[in-house]
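> Have a look at this one before I ask anything.
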Amino acid sequence: MRKDPLITNHLYHIFNRGVNKGEIFFSEEDYKRFFDTAVHYKTKASKFSEKDLKNDKNDTGSEIGSKVQIVAYCLMPNHFHFLIKQLVDSGLTWYMQHLSNSYAHYIHVKYQRVGPLFEGRFKNILIESDEQLIHVSRYIHLNPVASGSVVKPKDYRWSSYLSFVSDYKDEFCDSRPVLENFKSEQDYERFVLDQVAYARELERIKHLTIDLE
């Protein structure tokens with residue numbers, strides 16, 4: 001049992017990283033597998049399998065009502081972020097356990113790997129205000145820029161940013177809780193890009209300091 005029970009109908013910033021800060025994604029195929037698994041467990045309780053990847057229409061799995069609402073996400077080489085709302089009691093924990101366990105099993109089989117993949121249980125921070133919500137979403141979407149993976153957040157494939165600022169809509173996530181705080185998608189884009197330089201500088205400074213974690 002978690003020491004901090006997650007509250008239904010509340011939003012959380014959820015994140016986790018690889019054990020010893022190691023990578024959790026080793027190829028583009030791995031990112032896709034994690035994403036497909038995340039999509040699967042959002043609406044299905046059945047075990048994610050190769051049949052699901054082949055989109056077998058005769059085997060759709062056991063449908064369930066969504067236990068969580070995904071608002072934003074970003075997958076990075078050694079960690080991931082979700083901005084996520086729990087819709088039913090224990091739904092968020094159920095979702096993250098199934099996603100993490102299924103993906104870890106896939107990695108262990110594919111790379112003949114042993115030992116834990118993730119650094120313990122996922123971490124969670126309760127979102128307590130609209131201001132915190134929009135700033136966390138910006139932080140999540142700027143991760144690829146801050147790390148130097150891309151120059152513009154639009155250029156990063158494995159995040160929800162395009163769903164927030166373009167006509168492309170990712171059915172996996174629902175950006176409305178964030179975007180309803182802005183007059184337009186363009187306003188949100190300006191809000192994010194306004195902090196690009198700061199995000200890069202913060203990352204540079206972090207690498208110059210001693211990691212005390």
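Each chain in the structure tokens gets a letter, A, B and so on, in the order shown; residues start at 1 in every chain, and ligands are counted from 1 in the order they appear.
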Hey, could you make a per-residue contact list for stretch 71-146 of chain A against stretch 182-194 of chain A with 12 Å as the cut-off, showing the nearest pair of atoms and its distance in Å to one decimal, counting only C-alpha atoms, sorted by chain and number, as CSV?


```
residue,atom,partner,partner_atom,distance
A:Asp130,CA,A:Phe182,CA,11.0
A:Glu131,CA,A:Phe182,CA,11.4
A:Ile134,CA,A:Tyr188,CA,8.9
A:His135,CA,A:Val192,CA,8.7
A:Val136,CA,A:Val192,CA,10.6
A:Ser137,CA,A:Val192,CA,8.8
A:Arg138,CA,A:Val192,CA,5.5
A:Tyr139,CA,A:Val192,CA,8.3
A:Ile140,CA,A:Val192,CA,10.0
A:His141,CA,A:Val192,CA,7.8
A:Leu142,CA,A:Val192,CA,7.5
A:Asn143,CA,A:Val192,CA,11.2
A:Val145,CA,A:Leu193,CA,10.1
A:Ala146,CA,A:Leu193,CA,11.7
```

> Restricted to N, CA and C atoms, what would the selected residues look like written as an mmCIF file, in the first residue's frame?


```
data_model
loop_
_atom_site.group_PDB
_atom_site.id
_atom_site.type_symbol
_atom_site.label_atom_id
_atom_site.label_comp_id
_atom_site.auth_asym_id
_atom_site.auth_seq_id
_atom_site.Cartn_x
_atom_site.Cartn_y
_atom_site.Cartn_z
ATOM 1 N N ASP A 130 -4.515 25.420 -10.829
ATOM 2 C CA ASP A 130 -4.382 25.563 -12.277
ATOM 3 C C ASP A 130 -3.004 26.083 -12.646
ATOM 4 N N GLU A 131 -2.455 26.956 -11.819
ATOM 5 C CA GLU A 131 -1.126 27.490 -12.098
ATOM 6 C C GLU A 131 -0.084 26.376 -12.077
ATOM 7 N N ILE A 134 -0.454 24.124 -15.346
ATOM 8 C CA ILE A 134 0.098 24.596 -16.610
ATOM 9 C C ILE A 134 1.628 24.625 -16.571
ATOM 10 N N HIS A 135 2.203 24.921 -15.412
ATOM 11 C CA HIS A 135 3.659 24.949 -15.315
ATOM 12 C C HIS A 135 4.241 23.538 -15.389
ATOM 13 N N VAL A 136 3.564 22.558 -14.798
ATOM 14 C CA VAL A 136 4.036 21.171 -14.887
ATOM 15 C C VAL A 136 3.939 20.677 -16.325
ATOM 16 N N SER A 137 2.855 21.031 -17.016
ATOM 17 C CA SER A 137 2.728 20.614 -18.415
ATOM 18 C C SER A 137 3.866 21.201 -19.241
ATOM 19 N N ARG A 138 4.211 22.458 -18.987
ATOM 20 C CA ARG A 138 5.324 23.077 -19.718
ATOM 21 C C ARG A 138 6.638 22.378 -19.391
ATOM 22 N N TYR A 139 6.859 22.090 -18.120
ATOM 23 C CA TYR A 139 8.076 21.386 -17.717
ATOM 24 C C TYR A 139 8.197 20.040 -18.438
ATOM 25 N N ILE A 140 7.093 19.304 -18.502
ATOM 26 C CA ILE A 140 7.089 18.003 -19.161
ATOM 27 C C ILE A 140 7.434 18.157 -20.639
ATOM 28 N N HIS A 141 6.805 19.110 -21.305
ATOM 29 C CA HIS A 141 7.004 19.279 -22.745
ATOM 30 C C HIS A 141 8.369 19.857 -23.089
ATOM 31 N N LEU A 142 9.043 20.512 -22.142
ATOM 32 C CA LEU A 142 10.363 21.069 -22.405
ATOM 33 C C LEU A 142 11.496 20.096 -22.082
ATOM 34 N N ASN A 143 11.183 18.935 -21.544
ATOM 35 C CA ASN A 143 12.228 17.966 -21.210
ATOM 36 C C ASN A 143 13.162 17.650 -22.386
ATOM 37 N N VAL A 145 13.929 19.431 -24.982
ATOM 38 C CA VAL A 145 14.728 20.607 -25.319
ATOM 39 C C VAL A 145 15.813 20.829 -24.272
ATOM 40 N N ALA A 146 15.439 20.726 -23.014
ATOM 41 C CA ALA A 146 16.392 20.939 -21.921
ATOM 42 C C ALA A 146 17.539 19.934 -21.977
#
```

> Would you mind listing what lies within 12 Å of A:Pro5 as a list in words, with only C-alpha atoms counted and same-chain residues fewer than 3 positions away left out?

Met1, Arg2, Thr8, His10, Tyr12, Gln86, Asp89, Ser90, Gly91, Leu92, Thr93, Asn124, Ile125 and Leu126 of chain A

> Residues as selected, C-alpha atoms, written as a PDB file, in the first residue's frame, can you do that?


```pdb
ATOM      1  CA  MET A   1       0.000   0.000   0.000  1.00  0.00           C
ATOM      2  CA  ARG A   2       1.208   3.502  -0.780  1.00  0.00           C
ATOM      3  CA  THR A   8      -9.851  10.038  -7.175  1.00  0.00           C
ATOM      4  CA  HIS A  10      -7.444  14.644  -8.860  1.00  0.00           C
ATOM      5  CA  TYR A  12      -0.974  14.091 -10.553  1.00  0.00           C
ATOM      6  CA  GLN A  86      -7.308   9.190 -11.418  1.00  0.00           C
ATOM      7  CA  ASP A  89     -10.319   4.517  -6.691  1.00  0.00           C
ATOM      8  CA  SER A  90      -6.902   2.842  -7.063  1.00  0.00           C
ATOM      9  CA  GLY A  91      -7.131   3.352 -10.826  1.00  0.00           C
ATOM     10  CA  LEU A  92      -3.860   5.205 -11.186  1.00  0.00           C
ATOM     11  CA  THR A  93      -1.860   2.639  -9.257  1.00  0.00           C
ATOM     12  CA  ASN A 124       3.706  11.263  -7.668  1.00  0.00           C
ATOM     13  CA  ILE A 125       3.050  14.943  -7.001  1.00  0.00           C
ATOM     14  CA  LEU A 126      -0.514  16.157  -6.465  1.00  0.00           C
TER      15      LEU A 126
END
```

> Per residue of stretch 106-166 of chain A within 9 Å of stretch 13-37 of chain A, what are the shortest atom pair and its distance in Å to one decimal, counting only C-alpha atoms, with rows by chain and residue number, as JSON lines?


```
{"residue": "A:Tyr106", "atom": "CA", "partner": "A:Arg33", "partner_atom": "CA", "distance": 8.5}
{"residue": "A:Ile107", "atom": "CA", "partner": "A:Asp30", "partner_atom": "CA", "distance": 8.0}
{"residue": "A:Pro116", "atom": "CA", "partner": "A:Val19", "partner_atom": "CA", "distance": 6.8}
{"residue": "A:Leu117", "atom": "CA", "partner": "A:Gly18", "partner_atom": "CA", "distance": 5.7}
{"residue": "A:Phe118", "atom": "CA", "partner": "A:Gly18", "partner_atom": "CA", "distance": 4.4}
{"residue": "A:Glu119", "atom": "CA", "partner": "A:Val19", "partner_atom": "CA", "distance": 4.2}
{"residue": "A:Gly120", "atom": "CA", "partner": "A:Val19", "partner_atom": "CA", "distance": 7.7}
{"residue": "A:Arg121", "atom": "CA", "partner": "A:Asn16", "partner_atom": "CA", "distance": 7.4}
{"residue": "A:Phe122", "atom": "CA", "partner": "A:Asn16", "partner_atom": "CA", "distance": 4.9}
{"residue": "A:Lys123", "atom": "CA", "partner": "A:Phe15", "partner_atom": "CA", "distance": 5.4}
{"residue": "A:Asn124", "atom": "CA", "partner": "A:Ile14", "partner_atom": "CA", "distance": 4.6}
{"residue": "A:Ile125", "atom": "CA", "partner": "A:His13", "partner_atom": "CA", "distance": 5.1}
{"residue": "A:Leu126", "atom": "CA", "partner": "A:His13", "partner_atom": "CA", "distance": 6.5}
{"residue": "A:Ile127", "atom": "CA", "partner": "A:His13", "partner_atom": "CA", "distance": 6.9}
{"residue": "A:Leu133", "atom": "CA", "partner": "A:His13", "partner_atom": "CA", "distance": 8.8}
{"residue": "A:Val136", "atom": "CA", "partner": "A:His13", "partner_atom": "CA", "distance": 7.4}
{"residue": "A:Ser137", "atom": "CA", "partner": "A:His13", "partner_atom": "CA", "distance": 8.8}
{"residue": "A:Trp158", "atom": "CA", "partner": "A:Tyr31", "partner_atom": "CA", "distance": 7.4}
```

> Please save C-alpha atoms of the selected residues as an mmCIF file, in the first residue's frame.


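Dumped everything to selection-v4.cif:
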```cif
data_model
loop_
_atom_site.group_PDB
_atom_site.id
_atom_site.type_symbol
_atom_site.label_atom_id
_atom_site.label_comp_id
_atom_site.auth_asym_id
_atom_site.auth_seq_id
_atom_site.Cartn_x
_atom_site.Cartn_y
_atom_site.Cartn_z
ATOM 1 C CA TYR A 106 9.130 -6.971 -22.730
ATOM 2 C CA ILE A 107 12.579 -5.418 -22.131
ATOM 3 C CA PRO A 116 14.698 -4.342 -12.011
ATOM 4 C CA LEU A 117 14.259 -1.904 -14.884
ATOM 5 C CA PHE A 118 12.721 0.983 -12.935
ATOM 6 C CA GLU A 119 13.937 2.740 -9.816
ATOM 7 C CA GLY A 120 11.231 1.429 -7.496
ATOM 8 C CA ARG A 121 7.645 2.651 -7.518
ATOM 9 C CA PHE A 122 6.615 5.633 -9.562
ATOM 10 C CA LYS A 123 6.777 9.034 -7.892
ATOM 11 C CA ASN A 124 3.706 11.263 -7.668
ATOM 12 C CA ILE A 125 3.050 14.943 -7.001
ATOM 13 C CA LEU A 126 -0.514 16.157 -6.465
ATOM 14 C CA ILE A 127 -1.567 19.028 -8.713
ATOM 15 C CA LEU A 133 -1.005 22.381 -13.725
ATOM 16 C CA VAL A 136 4.036 21.171 -14.887
ATOM 17 C CA SER A 137 2.728 20.614 -18.415
ATOM 18 C CA TRP A 158 7.571 10.874 -27.935
#
```

> Mind checking DSSP for stretch 18-161 of chain A and telling me the alpha helix (DSSP H) residues as a ChimeraX atom specification?

/A:28-43,50-53,91-111,130-146,161
